[in-house]
Amino acid sequence: MIVALDGTVLVVAQPSMRRDLGASVAQVQWTSTAYLLTVAAFLVVAGRLGDRYGHSRLAITGVLGFAAASAGIALAPGVGWVIALRAAQGFFGALLQPATLALLRLAYPPDRLATPVAVRTSAIGVAAAAGPLLGGLLVAHLGWRAVFVVNVPLALVIAALILAVRVPEPERTGAGRPPLGSAALLVAAVAALVHALAGVPAYGWTAPPTLLGLGGAAGLGVLLVRWERRGAHPLVPAAVARSMPVMASMALLLTASGALSGALFTATFLLQDVRGLGAYDTALRLLPLTAVMVAGAPLAGFAQRRFGARRIALTGTGLVALGIAGLCTEALTGAGGAVLGAGFAAVMVTATGTVVGDAPPGYAGVIGGLKQTATNVGPAFGIALAAGAGAGAEAGAGAGARATPALLALAALAAVGLLPASLLPGRPRGAAAGDLVGEDAGQRGERAPAAHGPADGERR
């Protein structure tokens with residue numbers, strides 16, 4: 001929640017930050033890019049560290065480090081310090097995010113995960129919606145530094161809650177040396193990919209910086225796969241890599257989060273550059289979408305338990321594609337936004353519940369890191385796709401018309417998610433309404449002792 005709040009608050013604060021620090025547009029953009037690069041690059045590594053050394057420790061370290069970096073940004077004398085501390089903030093955010101998912105997996109049995117996952121999704125939605133509104137008020141009355149000060153007491157409260165709630169730690173995994181080579185290759189590959197995607201709005205898909213970045217990321221990815229296959233203790237264990245529900249859920253999260261973020265980027269461009277609304281009014285116009293997403297998350301959790309992951313994921317993915325296509329009309333925040341919010345809530349709750357619930361014991365952290373990586377790389381790809389299709393170009397004659405092909409491309413991206421959604425587990429015959437989707441007596445939890453080890457994941 002604190003990470004989602006921080007990201008959306010910053011968007012409103014950046015213009016004031018630029019004026020106060022005398023920064024260039026490129027420097028201000030790097031206050032977001034530096035954070036995005038580090039958080040995306042270190043998520044899987046952070047999850048693996050949590051599996052090895054304990055998720056509570058990683059969560060405490062992450063939240064306290066996030067608070068310290070936020071306090072440093074509030075006192076920063078120049079934009080260079082802000083960029084460096086935002087990178088540090090991203091690193092600590094990477095420690096925090098997989099740990100929260102892993103702690104949920106440890107605190108709740110698989111057949112009860114849907115409800116806490118839905119609550120988590122709703123909390124993130126509330127934070128994302130409140131961010132621009134809170135940021136507007138803080139910047140207007142206290143200045144841009146206040147949006148980082150507010151992180152400190154919130155982080156301290158979270159740290160106190162983590163210390164107060166005792167969650168049993170799993171059996172530690174990954175005996176032997178940490179997979180430093182795999183970790184370095186993964187960090188470099190993800191950083192190169194995210195950096196290349198973040199530059200698409202400025203350079204385009206065919207520019208040398210973009211092509212070099214994408215080619216470098218692909219090359220590093222190939223080296224990573226070869227390194228992982230030779231390693232005795234890979235960063236992503238075979239039990240995880242061979243789990244079809246895990247891989248399908250992450251593919252679905254990547255396409256859905258990319259489609260949503262690209263659609264919001266395009267809608268914001270239309271509302272501000274075509275309709276002439278300010279940032280605060282834009283946030284108000286987009287509130288119905290977020291409200292439906294927040295309200296729909298608990299309903300999605302209930303539907304997941306009753307009908308199974310596959311049906312709800314397919315339905316949610318179809319609604320995301322339909323909602324984005326509906327944004328091509330004038331009703332930017334009407335029915336199209338509501339349908340999009342409902343569909344995304346269904347996808348997030350179902351895919352997150354499946355990926356976390358299917359985690360072989362001892363690997364919840366690395367799976368949480370993979371899940372968070374998908375939901376961080378997805379938005380970068382979605383925004384790059386929207387910008388490449390014409391959204392975000394200079395305002396003027398025909399500016400509104402350029403959004404239509406972008407929205408249709410994003411709807412197609414969402415529709416691609418129907419394939420991984422169809423690979424999620426269905427509701428087993430005769431399952432009780434409270435059971436988690438896709439489980440049978442030989443797959444999960446206390447019903448099957450054989451599922452309590454990595455060998456369960458190897459059989460998938």
# chains A, B, ... in the order shown; residues from 1 in each chain; ligands from 1

call {"tool": "residues_around", "arguments": {"residues": "A:Leu322", "least_positions_apart": "3", "cutoff": "8 Å", "atoms": "only C-alpha atoms", "output": "list in words"}}
result
Gly318, Leu319, Ala325, Gly326, Gly336, Val339, Leu340 and Ala411 of chain A

call {"tool": "select_by_dssp", "arguments": {"residues": "stretch 265-335 of chain A", "states": "helix (DSSP H, G or I)", "output": "PDB file with N, CA, C and O atoms, in the first residue's frame"}}
result
ATOM      1  N   PHE A 265      -2.574   5.866 -19.073  1.00  0.00           N
ATOM      2  CA  PHE A 265      -1.683   6.840 -19.704  1.00  0.00           C
ATOM      3  C   PHE A 265      -2.405   7.564 -20.838  1.00  0.00           C
ATOM      4  O   PHE A 265      -2.354   8.793 -20.957  1.00  0.00           O
ATOM      5  N   THR A 266      -3.099   6.805 -21.676  1.00  0.00           N
ATOM      6  CA  THR A 266      -3.812   7.389 -22.809  1.00  0.00           C
ATOM      7  C   THR A 266      -4.981   8.246 -22.346  1.00  0.00           C
ATOM      8  O   THR A 266      -5.210   9.348 -22.865  1.00  0.00           O
ATOM      9  N   ALA A 267      -5.734   7.749 -21.348  1.00  0.00           N
ATOM     10  CA  ALA A 267      -6.880   8.512 -20.843  1.00  0.00           C
ATOM     11  C   ALA A 267      -6.426   9.815 -20.201  1.00  0.00           C
ATOM     12  O   ALA A 267      -7.067  10.864 -20.366  1.00  0.00           O
ATOM     13  N   THR A 268      -5.314   9.768 -19.460  1.00  0.00           N
ATOM     14  CA  THR A 268      -4.791  10.988 -18.834  1.00  0.00           C
ATOM     15  C   THR A 268      -4.370  12.006 -19.892  1.00  0.00           C
ATOM     16  O   THR A 268      -4.632  13.211 -19.763  1.00  0.00           O
ATOM     17  N   PHE A 269      -3.726  11.524 -20.955  1.00  0.00           N
ATOM     18  CA  PHE A 269      -3.345  12.399 -22.062  1.00  0.00           C
ATOM     19  C   PHE A 269      -4.573  13.061 -22.687  1.00  0.00           C
ATOM     20  O   PHE A 269      -4.596  14.265 -22.949  1.00  0.00           O
ATOM     21  N   LEU A 270      -5.628  12.293 -22.900  1.00  0.00           N
ATOM     22  CA  LEU A 270      -6.835  12.851 -23.501  1.00  0.00           C
ATOM     23  C   LEU A 270      -7.495  13.879 -22.587  1.00  0.00           C
ATOM     24  O   LEU A 270      -7.907  14.958 -23.030  1.00  0.00           O
ATOM     25  N   LEU A 271      -7.600  13.557 -21.314  1.00  0.00           N
ATOM     26  CA  LEU A 271      -8.279  14.460 -20.388  1.00  0.00           C
ATOM     27  C   LEU A 271      -7.510  15.760 -20.193  1.00  0.00           C
ATOM     28  O   LEU A 271      -8.111  16.836 -20.072  1.00  0.00           O
ATOM     29  N   GLN A 272      -6.186  15.691 -20.174  1.00  0.00           N
ATOM     30  CA  GLN A 272      -5.406  16.894 -19.899  1.00  0.00           C
ATOM     31  C   GLN A 272      -5.058  17.672 -21.164  1.00  0.00           C
ATOM     32  O   GLN A 272      -5.264  18.892 -21.219  1.00  0.00           O
ATOM     33  N   ASP A 273      -4.535  16.985 -22.187  1.00  0.00           N
ATOM     34  CA  ASP A 273      -4.060  17.697 -23.369  1.00  0.00           C
ATOM     35  C   ASP A 273      -5.161  17.991 -24.383  1.00  0.00           C
ATOM     36  O   ASP A 273      -5.036  18.931 -25.170  1.00  0.00           O
ATOM     37  N   VAL A 274      -6.231  17.198 -24.399  1.00  0.00           N
ATOM     38  CA  VAL A 274      -7.315  17.415 -25.352  1.00  0.00           C
ATOM     39  C   VAL A 274      -8.472  18.172 -24.694  1.00  0.00           C
ATOM     40  O   VAL A 274      -8.982  19.142 -25.245  1.00  0.00           O
ATOM     41  N   ALA A 279      -4.402  18.171 -13.317  1.00  0.00           N
ATOM     42  CA  ALA A 279      -4.080  16.860 -12.752  1.00  0.00           C
ATOM     43  C   ALA A 279      -5.105  16.447 -11.700  1.00  0.00           C
ATOM     44  O   ALA A 279      -5.509  15.281 -11.634  1.00  0.00           O
ATOM     45  N   TYR A 280      -5.539  17.388 -10.876  1.00  0.00           N
ATOM     46  CA  TYR A 280      -6.498  17.057  -9.809  1.00  0.00           C
ATOM     47  C   TYR A 280      -7.848  16.657 -10.404  1.00  0.00           C
ATOM     48  O   TYR A 280      -8.456  15.662  -9.989  1.00  0.00           O
ATOM     49  N   ASP A 281      -8.328  17.425 -11.379  1.00  0.00           N
ATOM     50  CA  ASP A 281      -9.604  17.091 -12.016  1.00  0.00           C
ATOM     51  C   ASP A 281      -9.518  15.768 -12.777  1.00  0.00           C
ATOM     52  O   ASP A 281     -10.491  15.007 -12.826  1.00  0.00           O
ATOM     53  N   THR A 282      -8.347  15.492 -13.352  1.00  0.00           N
ATOM     54  CA  THR A 282      -8.160  14.210 -14.032  1.00  0.00           C
ATOM     55  C   THR A 282      -8.285  13.059 -13.055  1.00  0.00           C
ATOM     56  O   THR A 282      -8.916  12.031 -13.345  1.00  0.00           O
ATOM     57  N   ALA A 283      -7.670  13.214 -11.882  1.00  0.00           N
ATOM     58  CA  ALA A 283      -7.767  12.169 -10.861  1.00  0.00           C
ATOM     59  C   ALA A 283      -9.219  11.943 -10.441  1.00  0.00           C
ATOM     60  O   ALA A 283      -9.648  10.809 -10.237  1.00  0.00           O
ATOM     61  N   LEU A 284      -9.978  13.025 -10.331  1.00  0.00           N
ATOM     62  CA  LEU A 284     -11.394  12.888  -9.969  1.00  0.00           C
ATOM     63  C   LEU A 284     -12.173  12.147 -11.050  1.00  0.00           C
ATOM     64  O   LEU A 284     -13.040  11.321 -10.749  1.00  0.00           O
ATOM     65  N   ARG A 285     -11.865  12.433 -12.315  1.00  0.00           N
ATOM     66  CA  ARG A 285     -12.573  11.768 -13.409  1.00  0.00           C
ATOM     67  C   ARG A 285     -12.295  10.263 -13.455  1.00  0.00           C
ATOM     68  O   ARG A 285     -13.128   9.485 -13.905  1.00  0.00           O
ATOM     69  N   LEU A 286     -11.101   9.883 -12.998  1.00  0.00           N
ATOM     70  CA  LEU A 286     -10.730   8.476 -13.043  1.00  0.00           C
ATOM     71  C   LEU A 286     -11.090   7.715 -11.762  1.00  0.00           C
ATOM     72  O   LEU A 286     -10.868   6.501 -11.679  1.00  0.00           O
ATOM     73  N   LEU A 287     -11.632   8.428 -10.776  1.00  0.00           N
ATOM     74  CA  LEU A 287     -11.988   7.772  -9.520  1.00  0.00           C
ATOM     75  C   LEU A 287     -13.016   6.647  -9.680  1.00  0.00           C
ATOM     76  O   LEU A 287     -12.909   5.622  -9.004  1.00  0.00           O
ATOM     77  N   PRO A 288     -14.047   6.795 -10.539  1.00  0.00           N
ATOM     78  CA  PRO A 288     -15.003   5.680 -10.678  1.00  0.00           C
ATOM     79  C   PRO A 288     -14.338   4.369 -11.082  1.00  0.00           C
ATOM     80  O   PRO A 288     -14.717   3.303 -10.601  1.00  0.00           O
ATOM     81  N   LEU A 289     -13.348   4.421 -11.962  1.00  0.00           N
ATOM     82  CA  LEU A 289     -12.645   3.203 -12.358  1.00  0.00           C
ATOM     83  C   LEU A 289     -12.008   2.543 -11.141  1.00  0.00           C
ATOM     84  O   LEU A 289     -12.131   1.324 -10.926  1.00  0.00           O
ATOM     85  N   THR A 290     -11.324   3.355 -10.326  1.00  0.00           N
ATOM     86  CA  THR A 290     -10.672   2.804  -9.148  1.00  0.00           C
ATOM     87  C   THR A 290     -11.683   2.326  -8.122  1.00  0.00           C
ATOM     88  O   THR A 290     -11.474   1.299  -7.469  1.00  0.00           O
ATOM     89  N   ALA A 291     -12.786   3.053  -7.985  1.00  0.00           N
ATOM     90  CA  ALA A 291     -13.802   2.653  -7.006  1.00  0.00           C
ATOM     91  C   ALA A 291     -14.380   1.283  -7.341  1.00  0.00           C
ATOM     92  O   ALA A 291     -14.579   0.444  -6.448  1.00  0.00           O
ATOM     93  N   VAL A 292     -14.640   1.036  -8.621  1.00  0.00           N
ATOM     94  CA  VAL A 292     -15.153  -0.279  -9.019  1.00  0.00           C
ATOM     95  C   VAL A 292     -14.107  -1.351  -8.774  1.00  0.00           C
ATOM     96  O   VAL A 292     -14.427  -2.468  -8.328  1.00  0.00           O
ATOM     97  N   MET A 293     -12.853  -1.030  -9.014  1.00  0.00           N
ATOM     98  CA  MET A 293     -11.796  -2.005  -8.790  1.00  0.00           C
ATOM     99  C   MET A 293     -11.690  -2.355  -7.310  1.00  0.00           C
ATOM    100  O   MET A 293     -11.559  -3.532  -6.945  1.00  0.00           O
ATOM    101  N   VAL A 294     -11.766  -1.356  -6.446  1.00  0.00           N
ATOM    102  CA  VAL A 294     -11.677  -1.599  -5.007  1.00  0.00           C
ATOM    103  C   VAL A 294     -12.868  -2.409  -4.514  1.00  0.00           C
ATOM    104  O   VAL A 294     -12.726  -3.383  -3.767  1.00  0.00           O
ATOM    105  N   ALA A 295     -14.065  -2.030  -4.958  1.00  0.00           N
ATOM    106  CA  ALA A 295     -15.263  -2.744  -4.525  1.00  0.00           C
ATOM    107  C   ALA A 295     -15.345  -4.139  -5.136  1.00  0.00           C
ATOM    108  O   ALA A 295     -15.893  -5.066  -4.524  1.00  0.00           O
ATOM    109  N   GLY A 296     -14.790  -4.294  -6.330  1.00  0.00           N
ATOM    110  CA  GLY A 296     -14.889  -5.581  -7.010  1.00  0.00           C
ATOM    111  C   GLY A 296     -13.924  -6.625  -6.517  1.00  0.00           C
ATOM    112  O   GLY A 296     -14.134  -7.827  -6.735  1.00  0.00           O
ATOM    113  N   ALA A 297     -12.836  -6.223  -5.829  1.00  0.00           N
ATOM    114  CA  ALA A 297     -11.839  -7.192  -5.385  1.00  0.00           C
ATOM    115  C   ALA A 297     -12.421  -8.238  -4.431  1.00  0.00           C
ATOM    116  O   ALA A 297     -12.201  -9.439  -4.627  1.00  0.00           O
ATOM    117  N   PRO A 298     -13.163  -7.852  -3.376  1.00  0.00           N
ATOM    118  CA  PRO A 298     -13.747  -8.884  -2.512  1.00  0.00           C
ATOM    119  C   PRO A 298     -14.729  -9.789  -3.251  1.00  0.00           C
ATOM    120  O   PRO A 298     -14.788 -10.994  -2.985  1.00  0.00           O
ATOM    121  N   LEU A 299     -15.506  -9.214  -4.175  1.00  0.00           N
ATOM    122  CA  LEU A 299     -16.433 -10.037  -4.952  1.00  0.00           C
ATOM    123  C   LEU A 299     -15.673 -11.023  -5.829  1.00  0.00           C
ATOM    124  O   LEU A 299     -16.102 -12.180  -6.008  1.00  0.00           O
ATOM    125  N   ALA A 300     -14.534 -10.583  -6.367  1.00  0.00           N
ATOM    126  CA  ALA A 300     -13.720 -11.484  -7.180  1.00  0.00           C
ATOM    127  C   ALA A 300     -13.172 -12.629  -6.345  1.00  0.00           C
ATOM    128  O   ALA A 300     -13.095 -13.777  -6.803  1.00  0.00           O
ATOM    129  N   GLY A 301     -12.786 -12.333  -5.088  1.00  0.00           N
ATOM    130  CA  GLY A 301     -12.311 -13.388  -4.218  1.00  0.00           C
ATOM    131  C   GLY A 301     -13.379 -14.430  -3.937  1.00  0.00           C
ATOM    132  O   GLY A 301     -13.120 -15.642  -3.943  1.00  0.00           O
ATOM    133  N   PHE A 302     -14.608 -13.967  -3.703  1.00  0.00           N
ATOM    134  CA  PHE A 302     -15.719 -14.901  -3.472  1.00  0.00           C
ATOM    135  C   PHE A 302     -15.998 -15.731  -4.726  1.00  0.00           C
ATOM    136  O   PHE A 302     -16.174 -16.953  -4.660  1.00  0.00           O
ATOM    137  N   ALA A 303     -16.024 -15.062  -5.876  1.00  0.00           N
ATOM    138  CA  ALA A 303     -16.290 -15.772  -7.131  1.00  0.00           C
ATOM    139  C   ALA A 303     -15.194 -16.774  -7.439  1.00  0.00           C
ATOM    140  O   ALA A 303     -15.457 -17.858  -7.969  1.00  0.00           O
ATOM    141  N   GLN A 304     -13.956 -16.440  -7.091  1.00  0.00           N
ATOM    142  CA  GLN A 304     -12.840 -17.360  -7.333  1.00  0.00           C
ATOM    143  C   GLN A 304     -13.028 -18.652  -6.549  1.00  0.00           C
ATOM    144  O   GLN A 304     -12.805 -19.745  -7.074  1.00  0.00           O
ATOM    145  N   ARG A 305     -13.425 -18.535  -5.299  1.00  0.00           N
ATOM    146  CA  ARG A 305     -13.637 -19.730  -4.486  1.00  0.00           C
ATOM    147  C   ARG A 305     -14.795 -20.567  -5.005  1.00  0.00           C
ATOM    148  O   ARG A 305     -14.784 -21.792  -4.903  1.00  0.00           O
ATOM    149  N   ARG A 306     -15.798 -19.907  -5.554  1.00  0.00           N
ATOM    150  CA  ARG A 306     -17.002 -20.620  -5.960  1.00  0.00           C
ATOM    151  C   ARG A 306     -16.888 -21.235  -7.355  1.00  0.00           C
ATOM    152  O   ARG A 306     -17.332 -22.361  -7.589  1.00  0.00           O
ATOM    153  N   PHE A 307     -16.294 -20.495  -8.281  1.00  0.00           N
ATOM    154  CA  PHE A 307     -16.308 -20.930  -9.689  1.00  0.00           C
ATOM    155  C   PHE A 307     -14.951 -21.362 -10.221  1.00  0.00           C
ATOM    156  O   PHE A 307     -14.881 -21.933 -11.312  1.00  0.00           O
ATOM    157  N   ALA A 309     -10.481 -20.509 -10.655  1.00  0.00           N
ATOM    158  CA  ALA A 309      -9.626 -19.454 -11.192  1.00  0.00           C
ATOM    159  C   ALA A 309      -9.826 -19.244 -12.681  1.00  0.00           C
ATOM    160  O   ALA A 309      -9.850 -18.118 -13.165  1.00  0.00           O
ATOM    161  N   ARG A 310      -9.949 -20.352 -13.434  1.00  0.00           N
ATOM    162  CA  ARG A 310      -9.991 -20.232 -14.887  1.00  0.00           C
ATOM    163  C   ARG A 310     -11.175 -19.399 -15.353  1.00  0.00           C
ATOM    164  O   ARG A 310     -11.029 -18.492 -16.178  1.00  0.00           O
ATOM    165  N   ARG A 311     -12.357 -19.693 -14.843  1.00  0.00           N
ATOM    166  CA  ARG A 311     -13.550 -18.959 -15.283  1.00  0.00           C
ATOM    167  C   ARG A 311     -13.461 -17.484 -14.933  1.00  0.00           C
ATOM    168  O   ARG A 311     -13.790 -16.613 -15.759  1.00  0.00           O
ATOM    169  N   ILE A 312     -13.042 -17.189 -13.706  1.00  0.00           N
ATOM    170  CA  ILE A 312     -12.994 -15.786 -13.284  1.00  0.00           C
ATOM    171  C   ILE A 312     -11.900 -15.034 -14.035  1.00  0.00           C
ATOM    172  O   ILE A 312     -12.079 -13.873 -14.426  1.00  0.00           O
ATOM    173  N   ALA A 313     -10.760 -15.689 -14.272  1.00  0.00           N
ATOM    174  CA  ALA A 313      -9.683 -15.029 -15.012  1.00  0.00           C
ATOM    175  C   ALA A 313     -10.092 -14.756 -16.457  1.00  0.00           C
ATOM    176  O   ALA A 313      -9.809 -13.686 -17.010  1.00  0.00           O
ATOM    177  N   LEU A 314     -10.751 -15.720 -17.094  1.00  0.00           N
ATOM    178  CA  LEU A 314     -11.213 -15.504 -18.467  1.00  0.00           C
ATOM    179  C   LEU A 314     -12.236 -14.373 -18.528  1.00  0.00           C
ATOM    180  O   LEU A 314     -12.190 -13.517 -19.415  1.00  0.00           O
ATOM    181  N   THR A 315     -13.161 -14.373 -17.571  1.00  0.00           N
ATOM    182  CA  THR A 315     -14.170 -13.304 -17.535  1.00  0.00           C
ATOM    183  C   THR A 315     -13.523 -11.951 -17.296  1.00  0.00           C
ATOM    184  O   THR A 315     -13.821 -10.959 -17.980  1.00  0.00           O
ATOM    185  N   GLY A 316     -12.610 -11.887 -16.319  1.00  0.00           N
ATOM    186  CA  GLY A 316     -11.948 -10.624 -16.015  1.00  0.00           C
ATOM    187  C   GLY A 316     -11.116 -10.111 -17.173  1.00  0.00           C
ATOM    188  O   GLY A 316     -11.126  -8.913 -17.484  1.00  0.00           O
ATOM    189  N   THR A 317     -10.390 -11.010 -17.843  1.00  0.00           N
ATOM    190  CA  THR A 317      -9.577 -10.602 -18.986  1.00  0.00           C
ATOM    191  C   THR A 317     -10.442 -10.059 -20.111  1.00  0.00           C
ATOM    192  O   THR A 317     -10.112  -9.041 -20.749  1.00  0.00           O
ATOM    193  N   GLY A 318     -11.564 -10.724 -20.365  1.00  0.00           N
ATOM    194  CA  GLY A 318     -12.484 -10.226 -21.385  1.00  0.00           C
ATOM    195  C   GLY A 318     -13.036  -8.852 -21.036  1.00  0.00           C
ATOM    196  O   GLY A 318     -13.170  -7.977 -21.916  1.00  0.00           O
ATOM    197  N   LEU A 319     -13.325  -8.631 -19.753  1.00  0.00           N
ATOM    198  CA  LEU A 319     -13.836  -7.320 -19.336  1.00  0.00           C
ATOM    199  C   LEU A 319     -12.772  -6.239 -19.476  1.00  0.00           C
ATOM    200  O   LEU A 319     -13.086  -5.092 -19.836  1.00  0.00           O
ATOM    201  N   VAL A 320     -11.506  -6.572 -19.188  1.00  0.00           N
ATOM    202  CA  VAL A 320     -10.432  -5.588 -19.358  1.00  0.00           C
ATOM    203  C   VAL A 320     -10.335  -5.161 -20.820  1.00  0.00           C
ATOM    204  O   VAL A 320     -10.269  -3.966 -21.135  1.00  0.00           O
ATOM    205  N   ALA A 321     -10.331  -6.139 -21.724  1.00  0.00           N
ATOM    206  CA  ALA A 321     -10.251  -5.818 -23.149  1.00  0.00           C
ATOM    207  C   ALA A 321     -11.465  -5.006 -23.598  1.00  0.00           C
ATOM    208  O   ALA A 321     -11.333  -4.016 -24.338  1.00  0.00           O
ATOM    209  N   LEU A 322     -12.652  -5.402 -23.155  1.00  0.00           N
ATOM    210  CA  LEU A 322     -13.868  -4.687 -23.529  1.00  0.00           C
ATOM    211  C   LEU A 322     -13.885  -3.280 -22.961  1.00  0.00           C
ATOM    212  O   LEU A 322     -14.282  -2.315 -23.641  1.00  0.00           O
ATOM    213  N   GLY A 323     -13.465  -3.128 -21.702  1.00  0.00           N
ATOM    214  CA  GLY A 323     -13.453  -1.811 -21.085  1.00  0.00           C
ATOM    215  C   GLY A 323     -12.502  -0.857 -21.773  1.00  0.00           C
ATOM    216  O   GLY A 323     -12.820   0.318 -21.979  1.00  0.00           O
ATOM    217  N   ILE A 324     -11.312  -1.346 -22.165  1.00  0.00           N
ATOM    218  CA  ILE A 324     -10.357  -0.476 -22.858  1.00  0.00           C
ATOM    219  C   ILE A 324     -10.888  -0.072 -24.224  1.00  0.00           C
ATOM    220  O   ILE A 324     -10.774   1.088 -24.642  1.00  0.00           O
ATOM    221  N   ALA A 325     -11.491  -1.026 -24.921  1.00  0.00           N
ATOM    222  CA  ALA A 325     -12.091  -0.681 -26.208  1.00  0.00           C
ATOM    223  C   ALA A 325     -13.198   0.348 -26.026  1.00  0.00           C
ATOM    224  O   ALA A 325     -13.381   1.242 -26.860  1.00  0.00           O
ATOM    225  N   GLY A 326     -13.940   0.256 -24.909  1.00  0.00           N
ATOM    226  CA  GLY A 326     -15.003   1.221 -24.640  1.00  0.00           C
ATOM    227  C   GLY A 326     -14.503   2.619 -24.382  1.00  0.00           C
ATOM    228  O   GLY A 326     -15.243   3.593 -24.545  1.00  0.00           O
ATOM    229  N   ALA A 335     -19.019   3.941 -18.542  1.00  0.00           N
ATOM    230  CA  ALA A 335     -19.160   2.489 -18.533  1.00  0.00           C
ATOM    231  C   ALA A 335     -17.846   1.794 -18.845  1.00  0.00           C
ATOM    232  O   ALA A 335     -17.521   0.754 -18.249  1.00  0.00           O
TER     233      ALA A 335
END

call {"tool": "closest_residue", "arguments": {"among": "A:Ala183, A:Ala409, A:Leu142, A:Ala13", "to": "A:Gln29", "atoms": "only C-alpha atoms"}}
result
A:Ala13

call {"tool": "atom_distance", "arguments": {"atom1": "atom CA of A:Val44", "atom2": "atom CA of A:Gly221"}}
result
14.1 Å

call {"tool": "atom_distance", "arguments": {"atom1": "atom CA of A:Gly93", "atom2": "atom CA of A:Gly258"}}
result
20.1 Å

call {"tool": "closest_residue", "arguments": {"among": "A:Val147, A:Ala346, A:Ala263, A:Ala41", "to": "A:Ala217", "atoms": "only C-alpha atoms"}}
result
A:Ala41

call {"tool": "atom_distance", "arguments": {"atom1": "atom CA of A:Ala239", "atom2": "atom CA of A:Ala351"}}
result
18.3 Å

call {"tool": "decode", "arguments": {"residues": "stretch 281-286 of chain A", "atoms": "all heavy atoms", "output": "tab-separated table (two decimals), in the first residue's frame"}}
result
chain	number	residue	atom	x	y	z
A	281	ASP	N	-8.33	17.42	-11.38
A	281	ASP	CA	-9.60	17.09	-12.02
A	281	ASP	C	-9.52	15.77	-12.78
A	281	ASP	O	-10.49	15.01	-12.83
A	281	ASP	CB	-10.02	18.21	-12.98
A	281	ASP	CG	-10.46	19.47	-12.24
A	281	ASP	OD1	-10.92	19.33	-11.08
A	281	ASP	OD2	-10.34	20.57	-12.81
A	282	THR	N	-8.35	15.49	-13.35
A	282	THR	CA	-8.16	14.21	-14.03
A	282	THR	C	-8.28	13.06	-13.05
A	282	THR	O	-8.92	12.03	-13.34
A	282	THR	CB	-6.79	14.17	-14.72
A	282	THR	OG1	-6.73	15.21	-15.71
A	282	THR	CG2	-6.55	12.83	-15.39
A	283	ALA	N	-7.67	13.21	-11.88
A	283	ALA	CA	-7.77	12.17	-10.86
A	283	ALA	C	-9.22	11.94	-10.44
A	283	ALA	O	-9.65	10.81	-10.24
A	283	ALA	CB	-6.91	12.54	-9.65
A	284	LEU	N	-9.98	13.03	-10.33
A	284	LEU	CA	-11.39	12.89	-9.97
A	284	LEU	C	-12.17	12.15	-11.05
A	284	LEU	O	-13.04	11.32	-10.75
A	284	LEU	CB	-12.01	14.26	-9.73
A	284	LEU	CG	-11.56	15.01	-8.47
A	284	LEU	CD1	-12.19	16.40	-8.42
A	284	LEU	CD2	-11.92	14.22	-7.21
A	285	ARG	N	-11.87	12.43	-12.32
A	285	ARG	CA	-12.57	11.77	-13.41
A	285	ARG	C	-12.29	10.26	-13.46
A	285	ARG	O	-13.13	9.49	-13.90
A	285	ARG	CB	-12.17	12.40	-14.75
A	285	ARG	CG	-12.64	13.84	-14.94
A	285	ARG	CD	-14.15	13.91	-15.07
A	285	ARG	NE	-14.61	15.26	-15.35
A	285	ARG	CZ	-14.80	15.74	-16.57
A	285	ARG	NH1	-14.58	14.96	-17.63
A	285	ARG	NH2	-15.21	16.98	-16.75
A	286	LEU	N	-11.10	9.88	-13.00
A	286	LEU	CA	-10.73	8.48	-13.04
A	286	LEU	C	-11.09	7.71	-11.76
A	286	LEU	O	-10.87	6.50	-11.68
A	286	LEU	CB	-9.22	8.34	-13.31
A	286	LEU	CG	-8.76	8.83	-14.68
A	286	LEU	CD1	-7.24	8.80	-14.77
A	286	LEU	CD2	-9.37	8.00	-15.80
